[in-house]
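The file input-v7.txt comes next; it holds compact mmCIF, C-alpha atoms and all ligand atoms.
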```
# COMPACT_ATOMS: atom_id res chain seq x y z
CA MET I 15 77.39 34.44 111.23
CA THR I 16 76.75 32.90 114.61
CA ALA I 17 73.85 30.77 115.60
CA ALA I 18 71.07 32.90 117.04
CA PRO I 19 71.39 33.27 120.80
CA LEU I 20 69.30 30.78 122.68
CA LEU I 21 67.13 32.54 125.19
CA ALA I 22 66.08 30.18 127.92
CA VAL I 23 62.83 30.63 129.77
CA ALA I 24 63.42 31.52 133.40
CA GLU I 25 62.64 28.66 135.75
CA PRO I 26 61.90 29.11 139.41
CA ALA I 27 65.00 28.53 141.50
CA ASP I 28 65.19 25.17 143.23
CA ALA I 29 64.33 25.54 146.88
CA ARG I 30 66.67 22.68 147.82
CA PRO I 31 70.23 23.76 148.59
CA SER I 32 72.74 22.54 146.02
CA LEU I 33 75.64 20.32 146.97
CA VAL I 34 77.63 21.75 144.07
CA GLY I 35 80.40 23.99 145.38
CA LEU I 36 80.74 22.28 148.74
CA ASP I 37 84.28 21.28 149.66
CA ARG I 38 85.17 17.94 151.22
CA ALA I 39 84.66 19.13 154.80
CA GLU I 40 81.27 20.64 154.05
CA LEU I 41 80.11 17.58 152.18
CA ALA I 42 81.25 15.40 155.09
CA ALA I 43 79.26 17.61 157.46
CA GLU I 44 76.11 17.23 155.36
CA VAL I 45 76.54 13.48 155.26
CA ALA I 46 77.08 13.35 159.02
CA ARG I 47 73.96 15.40 159.48
CA LEU I 48 72.03 12.64 157.74
CA GLY I 49 73.56 10.16 160.16
CA GLU I 50 75.66 8.51 157.46
CA LYS I 51 79.22 7.24 157.63
CA PRO I 52 82.10 9.41 156.34
CA PHE I 53 82.82 7.17 153.34
CA ARG I 54 79.48 8.24 151.91
CA ALA I 55 80.92 11.72 151.53
CA ARG I 56 83.75 10.32 149.41
CA GLN I 57 81.26 8.48 147.26
CA LEU I 58 79.19 11.59 146.83
CA TRP I 59 82.29 13.58 145.93
CA HIS I 60 83.04 11.10 143.19
CA TRP I 61 79.55 11.29 141.73
CA ILE I 62 79.31 15.05 141.94
CA TYR I 63 82.76 16.18 140.88
CA PHE I 64 84.28 13.28 138.95
CA ARG I 65 81.21 12.08 137.11
CA GLY I 66 79.27 15.31 137.04
CA THR I 67 76.06 13.52 137.97
CA THR I 68 73.03 15.76 138.17
CA ASP I 69 70.61 13.13 139.41
CA PHE I 70 70.91 11.36 142.75
CA ALA I 71 69.07 8.38 141.28
CA ALA I 72 72.09 7.66 139.07
CA MET I 73 74.44 7.27 142.03
CA THR I 74 74.39 3.49 141.90
CA THR I 75 77.02 2.85 144.57
CA ILE I 76 74.82 4.58 147.11
CA ALA I 77 71.94 2.76 148.80
CA LYS I 78 68.55 3.55 147.31
CA GLY I 79 67.13 4.91 150.54
CA LEU I 80 69.96 7.34 150.97
CA ARG I 81 69.68 8.43 147.34
CA ALA I 82 66.05 9.24 147.95
CA SER I 83 66.66 11.22 151.10
CA LEU I 84 69.49 13.11 149.41
CA ALA I 85 67.19 13.99 146.53
CA GLU I 86 64.56 15.20 148.98
CA ARG I 87 66.93 17.57 150.68
CA TYR I 88 69.46 18.65 148.10
CA ALA I 89 69.90 19.67 144.49
CA LEU I 90 72.92 19.31 142.21
CA ALA I 91 72.21 22.59 140.50
CA ARG I 92 74.34 24.55 138.07
CA PRO I 93 73.87 28.21 137.23
CA ARG I 94 70.94 28.72 134.86
CA VAL I 95 71.88 29.32 131.22
CA VAL I 96 70.22 32.53 130.04
CA MET I 97 72.07 32.72 126.75
CA ASP I 98 74.40 30.34 124.95
CA GLN I 99 76.33 31.76 122.02
CA ARG I 100 78.86 30.24 119.68
CA SER I 101 81.33 32.08 117.53
CA VAL I 102 82.27 30.92 114.07
CA ASP I 103 85.74 30.27 115.47
CA GLY I 104 84.42 27.93 118.16
CA THR I 105 84.54 30.35 121.06
CA ARG I 106 81.48 29.86 123.19
CA LYS I 107 79.96 32.18 125.74
CA TRP I 108 77.35 31.48 128.37
CA LEU I 109 75.36 34.18 130.08
CA LEU I 110 74.40 32.65 133.40
CA GLY I 111 71.57 33.65 135.71
CA LEU I 112 72.16 33.39 139.45
CA ASP I 113 69.53 32.82 142.10
CA ASP I 114 69.27 36.50 143.04
CA GLY I 115 68.81 37.61 139.42
CA CYS I 116 72.43 38.69 138.91
CA GLU I 117 74.13 37.56 135.74
CA ILE I 118 77.68 36.57 134.89
CA GLU I 119 79.48 35.30 131.84
CA THR I 120 81.75 32.35 131.25
CA VAL I 121 83.71 31.88 128.03
CA HIS I 122 85.22 28.75 126.48
CA ILE I 123 88.10 29.35 124.11
CA PRO I 124 89.01 26.18 122.25
CA GLU I 125 92.39 25.62 120.67
CA GLU I 126 93.83 22.62 118.95
CA ASN I 127 94.01 19.75 121.45
CA ARG I 128 93.11 21.95 124.39
CA GLY I 129 90.94 24.78 125.53
CA ALA I 130 90.59 27.36 128.27
CA LEU I 131 87.58 28.29 130.31
CA CYS I 132 87.48 31.96 131.31
CA VAL I 133 85.73 32.10 134.67
CA SER I 134 84.22 35.06 136.55
CA SER I 135 84.92 35.70 140.24
CA GLN I 136 82.49 38.57 140.89
CA VAL I 137 79.34 40.06 139.42
CA GLY I 138 80.76 43.21 137.86
CA CYS I 139 83.97 44.72 139.20
CA THR I 140 84.90 47.55 141.57
CA LEU I 141 88.28 48.35 140.04
CA THR I 142 87.15 50.85 137.37
CA CYS I 143 90.11 50.32 135.07
CA ARG I 144 89.51 52.99 132.46
CA PHE I 145 89.72 50.72 129.43
CA CYS I 146 87.45 48.00 130.83
CA HIS I 147 83.73 48.12 130.27
CA THR I 148 82.99 45.72 133.12
CA GLY I 149 84.28 48.40 135.48
CA THR I 150 81.50 50.77 134.43
CA GLN I 151 78.81 48.51 135.82
CA THR I 152 77.28 49.56 139.08
CA LEU I 153 76.03 46.24 140.36
CA VAL I 154 78.86 44.34 142.04
CA ARG I 155 78.94 41.41 144.39
CA ASP I 156 81.25 38.53 145.17
CA LEU I 157 80.42 35.16 143.67
CA SER I 158 80.00 32.19 146.01
CA ALA I 159 82.16 29.10 145.70
CA ALA I 160 79.12 27.31 144.30
CA GLU I 161 78.78 29.96 141.59
CA ILE I 162 82.46 29.73 140.68
CA VAL I 163 82.61 25.93 140.65
CA GLY I 164 79.20 25.94 138.96
CA GLN I 165 80.65 27.74 135.94
CA VAL I 166 83.08 24.88 135.39
CA MET I 167 80.42 22.23 135.98
CA LEU I 168 78.06 23.91 133.54
CA ALA I 169 80.75 24.17 130.86
CA ARG I 170 81.65 20.52 131.39
CA ASP I 171 77.97 19.60 131.03
CA ALA I 172 77.65 21.60 127.83
CA LEU I 173 80.81 20.16 126.30
CA GLY I 174 80.01 16.62 127.40
CA GLU I 175 83.18 16.41 129.39
CA TRP I 176 82.21 13.93 132.14
CA PRO I 177 83.58 11.92 133.78
CA SER I 178 86.77 13.94 134.19
CA PRO I 179 88.85 12.88 131.17
CA LYS I 180 92.45 11.86 131.72
CA ASP I 181 93.67 13.84 128.73
CA GLY I 182 92.49 15.32 125.45
CA ARG I 183 90.32 17.73 127.38
CA LEU I 184 88.24 20.45 125.79
CA ILE I 185 88.62 22.34 129.06
CA SER I 186 92.27 21.73 129.82
CA ASN I 187 92.91 25.11 131.43
CA ILE I 188 91.09 27.58 133.61
CA VAL I 189 91.78 31.29 133.60
CA LEU I 190 90.32 33.59 136.22
CA MET I 191 90.02 36.39 133.71
CA GLY I 192 86.29 36.85 133.52
CA MET I 193 84.34 39.49 135.39
CA GLY I 194 85.71 40.67 138.70
CA GLU I 195 88.93 40.89 140.67
CA PRO I 196 89.65 37.40 142.06
CA LEU I 197 91.86 38.72 144.85
CA TYR I 198 89.00 40.84 146.20
CA ASN I 199 87.14 37.58 146.69
CA TYR I 200 90.17 35.57 147.69
CA ASP I 201 88.85 33.17 150.33
CA THR I 202 85.97 32.06 148.16
CA VAL I 203 88.07 31.83 145.01
CA ALA I 204 90.62 29.76 146.95
CA LYS I 205 87.92 27.42 148.20
CA ALA I 206 86.46 27.02 144.71
CA LEU I 207 89.89 26.37 143.20
CA ARG I 208 90.61 23.67 145.79
CA VAL I 209 87.43 21.92 144.72
CA ILE I 210 88.34 22.31 141.05
CA MET I 211 91.93 21.09 141.57
CA ASP I 212 91.05 18.03 143.67
CA ALA I 213 92.57 15.06 141.85
CA GLU I 214 89.57 12.82 142.57
CA GLY I 215 87.08 15.24 141.12
CA ILE I 216 87.19 17.85 138.37
CA ALA I 217 90.95 17.44 138.60
CA ILE I 218 92.27 20.46 136.75
CA SER I 219 95.74 20.83 138.19
CA ARG I 220 97.19 24.04 139.53
CA ARG I 221 99.61 24.11 136.60
CA LYS I 222 96.65 24.54 134.28
CA ILE I 223 95.03 27.33 136.25
CA THR I 224 95.92 30.99 135.88
CA LEU I 225 94.73 33.64 138.29
CA SER I 226 94.79 37.15 136.88
CA THR I 227 94.93 40.21 139.11
CA ALA I 228 95.16 43.93 138.57
CA GLY I 229 97.60 43.92 141.47
CA VAL I 230 96.12 43.37 144.93
CA VAL I 231 99.63 43.19 146.36
CA PRO I 232 98.98 41.82 149.87
CA MET I 233 97.16 38.80 148.46
CA ILE I 234 99.67 37.79 145.79
CA LYS I 235 101.98 35.95 148.18
CA ARG I 236 99.10 33.89 149.52
CA VAL I 237 98.11 32.82 146.03
CA GLY I 238 101.57 31.38 145.53
CA GLU I 239 101.86 29.77 148.93
CA GLU I 240 98.35 28.46 149.35
CA LEU I 241 97.24 27.68 145.82
CA GLY I 242 100.36 27.48 143.66
CA VAL I 243 98.47 28.39 140.50
CA SER I 244 100.02 30.41 137.69
CA LEU I 245 99.96 34.15 138.10
CA ALA I 246 98.98 36.78 135.56
CA ILE I 247 99.32 40.48 136.24
CA SER I 248 97.25 43.05 134.39
CA LEU I 249 100.09 45.53 134.06
CA HIS I 250 99.14 47.82 131.17
CA ALA I 251 101.55 50.64 132.05
CA VAL I 252 105.17 51.02 133.08
CA THR I 253 105.04 54.28 135.05
CA ASP I 254 102.96 55.11 138.11
CA GLU I 255 101.76 58.23 136.37
CA VAL I 256 100.10 56.33 133.54
CA ARG I 257 99.09 53.33 135.62
CA ASP I 258 97.47 55.51 138.30
CA ARG I 259 95.26 56.84 135.57
CA ILE I 260 94.26 53.69 133.74
CA VAL I 261 94.39 51.15 136.61
CA PRO I 262 93.29 53.18 139.66
CA LEU I 263 94.24 50.32 141.98
CA ASN I 264 97.82 51.43 141.31
CA ARG I 265 97.28 54.42 143.58
CA LYS I 266 96.92 51.97 146.44
CA TYR I 267 99.60 49.52 145.36
CA PRO I 268 102.13 51.30 143.16
CA LEU I 269 104.38 49.62 140.63
CA ALA I 270 107.39 49.19 142.91
CA GLU I 271 105.30 47.23 145.43
CA LEU I 272 103.59 45.24 142.72
CA MET I 273 106.84 44.26 141.06
CA ALA I 274 108.39 43.29 144.40
CA ALA I 275 105.44 40.99 145.07
CA VAL I 276 105.81 39.43 141.62
CA ARG I 277 109.55 38.91 142.11
CA ASP I 278 108.82 37.09 145.35
CA TYR I 279 106.01 35.01 143.87
CA PRO I 280 106.61 31.50 145.18
CA GLY I 281 107.14 28.97 142.47
CA ALA I 282 107.88 31.40 139.65
CA SER I 283 110.52 29.84 137.43
CA ASN I 284 111.36 29.52 133.78
CA ALA I 285 109.07 26.54 133.59
CA ARG I 286 106.35 28.56 135.31
CA ARG I 287 106.58 32.07 134.05
CA VAL I 288 104.50 34.96 135.29
CA THR I 289 102.27 36.42 132.58
CA PHE I 290 102.02 40.17 132.18
CA GLU I 291 98.94 41.35 130.35
CA TYR I 292 99.35 44.59 128.48
CA VAL I 293 96.45 46.24 126.67
CA MET I 294 97.68 48.24 123.68
CA LEU I 295 96.24 51.76 123.91
CA LYS I 296 97.06 54.20 121.17
CA ASP I 297 99.40 56.99 122.29
CA VAL I 298 98.94 56.01 125.94
CA ASN I 299 101.27 53.08 126.61
CA ASP I 300 102.48 51.88 123.21
CA SER I 301 105.68 53.81 122.41
CA PRO I 302 109.12 52.22 121.94
CA ALA I 303 110.15 54.01 125.15
CA ASP I 304 107.30 52.24 126.97
CA ALA I 305 108.47 48.89 125.59
CA LYS I 306 112.03 49.54 126.77
CA ALA I 307 110.79 50.61 130.19
CA LEU I 308 108.71 47.45 130.36
CA VAL I 309 111.78 45.35 129.72
CA ARG I 310 113.62 47.14 132.52
CA LEU I 311 110.67 46.75 134.85
CA ILE I 312 110.44 42.99 134.48
CA ALA I 313 114.20 42.34 134.25
CA GLY I 314 115.11 39.11 136.00
CA ILE I 315 111.52 37.85 136.32
CA PRO I 316 110.73 34.63 134.46
CA ALA I 317 107.94 36.19 132.46
CA LYS I 318 106.06 36.49 129.24
CA VAL I 319 104.10 39.48 128.02
CA ASN I 320 100.71 39.12 126.39
CA LEU I 321 99.97 42.09 124.17
CA ILE I 322 96.21 42.54 123.92
CA PRO I 323 94.85 44.81 121.21
CA PHE I 324 92.38 47.09 123.00
CA ASN I 325 88.76 46.08 122.59
CA PRO I 326 86.79 49.23 122.00
CA TRP I 327 83.35 49.81 123.49
CA PRO I 328 80.87 52.67 123.10
CA GLY I 329 82.18 55.75 124.85
CA ALA I 330 85.57 54.26 125.63
CA PRO I 331 88.13 57.03 126.04
CA PHE I 332 90.83 55.06 124.16
CA GLU I 333 91.68 53.70 120.77
CA CYS I 334 93.55 50.54 119.91
CA SER I 335 97.19 51.00 118.95
CA THR I 336 98.01 50.62 115.28
CA ALA I 337 99.20 47.25 114.07
CA ALA I 338 102.58 48.81 113.35
CA ALA I 339 102.90 50.19 116.87
CA ILE I 340 101.97 46.82 118.35
CA ALA I 341 104.48 45.01 116.15
CA ARG I 342 107.21 47.50 117.05
CA PHE I 343 106.43 47.11 120.75
CA ALA I 344 106.39 43.32 120.51
CA ARG I 345 109.75 43.27 118.73
CA ILE I 346 111.47 45.27 121.46
CA VAL I 347 110.11 43.02 124.23
CA ASN I 348 110.87 39.90 122.25
CA ASP I 349 114.40 40.99 121.42
CA ALA I 350 114.99 41.39 125.15
CA GLY I 351 114.28 37.68 125.56
CA TYR I 352 110.62 37.65 126.59
CA ALA I 353 107.91 35.90 124.66
CA SER I 354 105.52 38.67 123.63
CA PRO I 355 102.63 37.19 121.68
CA VAL I 356 100.06 39.54 120.17
CA ARG I 357 96.62 38.09 120.69
CA THR I 358 94.52 37.76 117.59
CA PRO I 359 90.87 38.55 118.06
CA ARG I 360 88.59 35.56 118.55
CA GLY I 361 84.88 35.31 119.11
CA ARG I 362 84.29 38.76 117.63
CA ASP I 363 80.80 37.86 116.61
CA ILE I 364 79.57 36.93 120.09
CA LEU I 365 80.93 39.77 122.22
CA ALA I 366 83.15 37.57 124.34
CA ALA I 367 85.98 40.04 124.82
CA CYS I 368 88.33 41.01 127.59
CA GLY I 369 86.74 43.91 129.41
CA GLN I 370 83.39 43.52 127.72
CA LEU I 371 81.75 40.69 129.60
CA ARG I 372 78.24 41.25 130.83
CA SER I 373 78.02 44.73 129.43
CA ALA I 374 78.01 43.20 125.99
CA SER I 375 75.16 40.90 126.80
CA GLU I 376 73.20 43.75 128.30
CA ARG I 377 73.65 45.67 125.08
CA LEU I 378 72.78 42.68 122.99
CA ARG I 379 69.55 42.11 124.79
CA LYS I 380 68.52 45.72 124.98
CA SER I 381 68.75 46.60 121.35
CA ALA I 382 70.04 43.57 119.48
CA VAL I 383 73.19 45.45 118.57
CA ARG I 384 75.18 43.38 116.13
CA GLY I 385 78.66 43.33 114.76
CA ALA I 386 80.57 45.08 117.54
CA ALA I 387 84.19 44.04 117.33
CA VAL I 388 85.50 42.23 120.34
CA ASP I 389 88.28 39.84 121.18
CA THR I 390 88.56 36.93 123.51
CA PRO I 391 90.76 37.12 126.57
CA ALA I 392 94.44 37.14 125.75
CA SER I 393 96.42 33.96 126.03
CA PRO I 394 94.07 31.88 128.03
CA LEU I 395 96.39 28.94 127.70
CA GLY I 396 99.72 30.53 128.38
N1 LIG V 401 90.52 41.85 137.59
C1 LIG V 401 91.44 40.85 137.06
C2 LIG V 401 90.71 39.80 136.25
C3 LIG V 401 90.11 40.30 134.94
S1 LIG V 401 91.13 39.76 133.66
C4 LIG V 401 92.53 41.53 136.30
O1 LIG V 401 92.45 42.75 136.12
O2 LIG V 401 93.50 40.88 135.93
C5 LIG V 401 90.54 40.63 132.30
C6 LIG V 401 91.68 41.10 131.43
O3 LIG V 401 91.14 41.81 130.32
C7 LIG V 401 92.59 42.05 132.16
O4 LIG V 401 93.93 41.85 131.81
C8 LIG V 401 92.10 43.37 131.63
O5 LIG V 401 93.05 44.35 131.80
C9 LIG V 401 91.79 43.05 130.19
N2 LIG V 401 90.92 44.04 129.57
C10 LIG V 401 89.97 44.77 130.16
N3 LIG V 401 89.37 45.59 129.28
C11 LIG V 401 89.92 45.36 128.09
C12 LIG V 401 89.71 45.89 126.80
N4 LIG V 401 88.78 46.81 126.57
N5 LIG V 401 90.47 45.41 125.79
C13 LIG V 401 91.38 44.45 126.01
N6 LIG V 401 91.63 43.90 127.22
C14 LIG V 401 90.91 44.36 128.25
```
Rendering of file as structure tokens:
Amino acid sequence: MTAAPLLAVAEPADARPSLVGLDRAELAAEVARLGEKPFRARQLWHWIYFRGTTDFAAMTTIAKGLRASLAERYALARPRVVMDQRSVDGTRKWLLGLDDGCEIETVHIPEENRGALCVSSQVGCTLTCRFCHTGTQTLVRDLSAAEIVGQVMLARDALGEWPSPKDGRLISNIVLMGMGEPLYNYDTVAKALRVIMDAEGIAISRRKITLSTAGVVPMIKRVGEELGVSLAISLHAVTDEVRDRIVPLNRKYPLAELMAAVRDYPGASNARRVTFEYVMLKDVNDSPADAKALVRLIAGIPAKVNLIPFNPWPGAPFECSTAAAIARFARIVNDAGYASPVRTPRGRDILAACGQLRSASERLRKSAVRGAAVDTPASPLG
């Protein structure tokens, strides 16, 4: 059984603007506004993003007077923790409250000697993929860079991972596989990732970051060129007919266009394979013919295929494929030379699953529903 969820008492939002989430140029501008020299911005960067300092008073390389005027004007705020849940298997999920009352979730999935943080890019999601509960939520907005970076800062706080460790990190990887479609919030996600990747700060390198998209084709090239992070594609079907139905975005960007964009993805190589995520839906996309078509579809792409057993939710119009069907599917893909791991459920007891973020916490709070079976995101670590 999990520890009981911790319900935090709502605190009034800090009226001071937070410096968390600012990039180097913005921080420099704030420092200049105070009439300070540019090197102060570099010092601040170090305290905020390398050391994770939450109190200006602790910034001992900075003159006392400046510390005081910084503290008067600014905060170093993280998102507010509304609920903090731990699974028996170590998976941990935070429900975070934002200043406007919206809520998002962030999930830490530990593995031996490493761990992934599953980060949200939007409140809710507009994509309405048929198998995803997040897509049934009505409230949707983009997250700010501060709210995206803040998820990482908060997780680092909670796991005691400051200053940025050289190695042996609990958060070694970041996957943009939480709520939302990151490529519908590209500019902000890009800005947040640049802050997160900066080698003198949080310093999680682009090799350890995976951006997952349902297939916003025009943006995929930019991800490769401008960010160079690993790419994951939520594929889920191998014909336009099926994909149109279960991933409606396919009607806008059909498979041929999507696959062309993936083939051209800058930096894709055997050392840096593209990940295809494939949710196993009974009698929808799980036949041997589907597996063979998948192999043909991705031929020549340095790729691996994550097979995700479908996480059911109340009213979902699908069932999870049988274990035998999943194994049969995996064998065909694997025999064709592609790694095709089947993801074992984790964090079942805390509702931390792919496609269930936020909605699960709403349910939990409404009626204290217990025991719903959920899985953690597939292959956070690649
Ligand atoms: N919008 C982006 C980021 C979300 S990633 C994207 O689509 O890639 C979340 C992953 O969980 C996606 O691969 C999604 O297809 C998968 N998923 C959604 N609902 C699920 C469910 N009920 N069971 C298993 N996986 C699910």
Could you list, as a PDB file with C-alpha atoms, in the frame of the given file, every residue within 10 Å of Leu311 (chain I), counting all atoms listed in the file and ignoring same-chain residues fewer than 5 positions away?
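Once written, out-v6.pdb looks like this:
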```pdb
ATOM      1  CA  VAL I 252     105.170  51.020 133.080  1.00  0.00           C
ATOM      2  CA  THR I 253     105.040  54.280 135.050  1.00  0.00           C
ATOM      3  CA  LEU I 269     104.380  49.620 140.630  1.00  0.00           C
ATOM      4  CA  ALA I 270     107.390  49.190 142.910  1.00  0.00           C
ATOM      5  CA  MET I 273     106.840  44.260 141.060  1.00  0.00           C
ATOM      6  CA  ALA I 305     108.470  48.890 125.590  1.00  0.00           C
ATOM      7  CA  LYS I 306     112.030  49.540 126.770  1.00  0.00           C
TER       8      LYS I 306
END
```
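Residue nearest Glu291 (chain I), chosen from I:Asp114, I:Leu41, I:Arg47, I:Val319 and counting only C-alpha atoms: I:Val319.
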Seminar exercise, completed: Across I:Glu195, I:Glu40, I:Glu214, I:Asp254, the smallest distance to ligand LIG 401 (chain V), with all atoms listed in the file counted, is shown by I:Glu195
Problem set entry | Expected selection as a PyMOL selection string for ligand LIG 401 (chain V) within 7 Å, all atoms listed in the file | chain I and resi 145-147+190-196+226-228+246-248+291-293+322-327+368-370+391
Problem set entry | Atomic separation - CA of Pro52 (chain I) relative to CA of Arg170 (chain I), Å |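 Taking CA of Arg170 (chain I) and CA of Pro52 (chain I), their separation equals 27.3 Å.
Of the listed residues (I:Ser244, I:Arg56, I:Ala71, I:Val347), I:Arg56 comes nearest to Ala43 (chain I); the distances count all atoms listed in the file.
Among the candidate residues I:Leu245, I:Val230, I:Val166, I:Ile312, the one lying nearest to Arg265 (chain I) is I:Val230, with distances computed using all atoms listed in the file.
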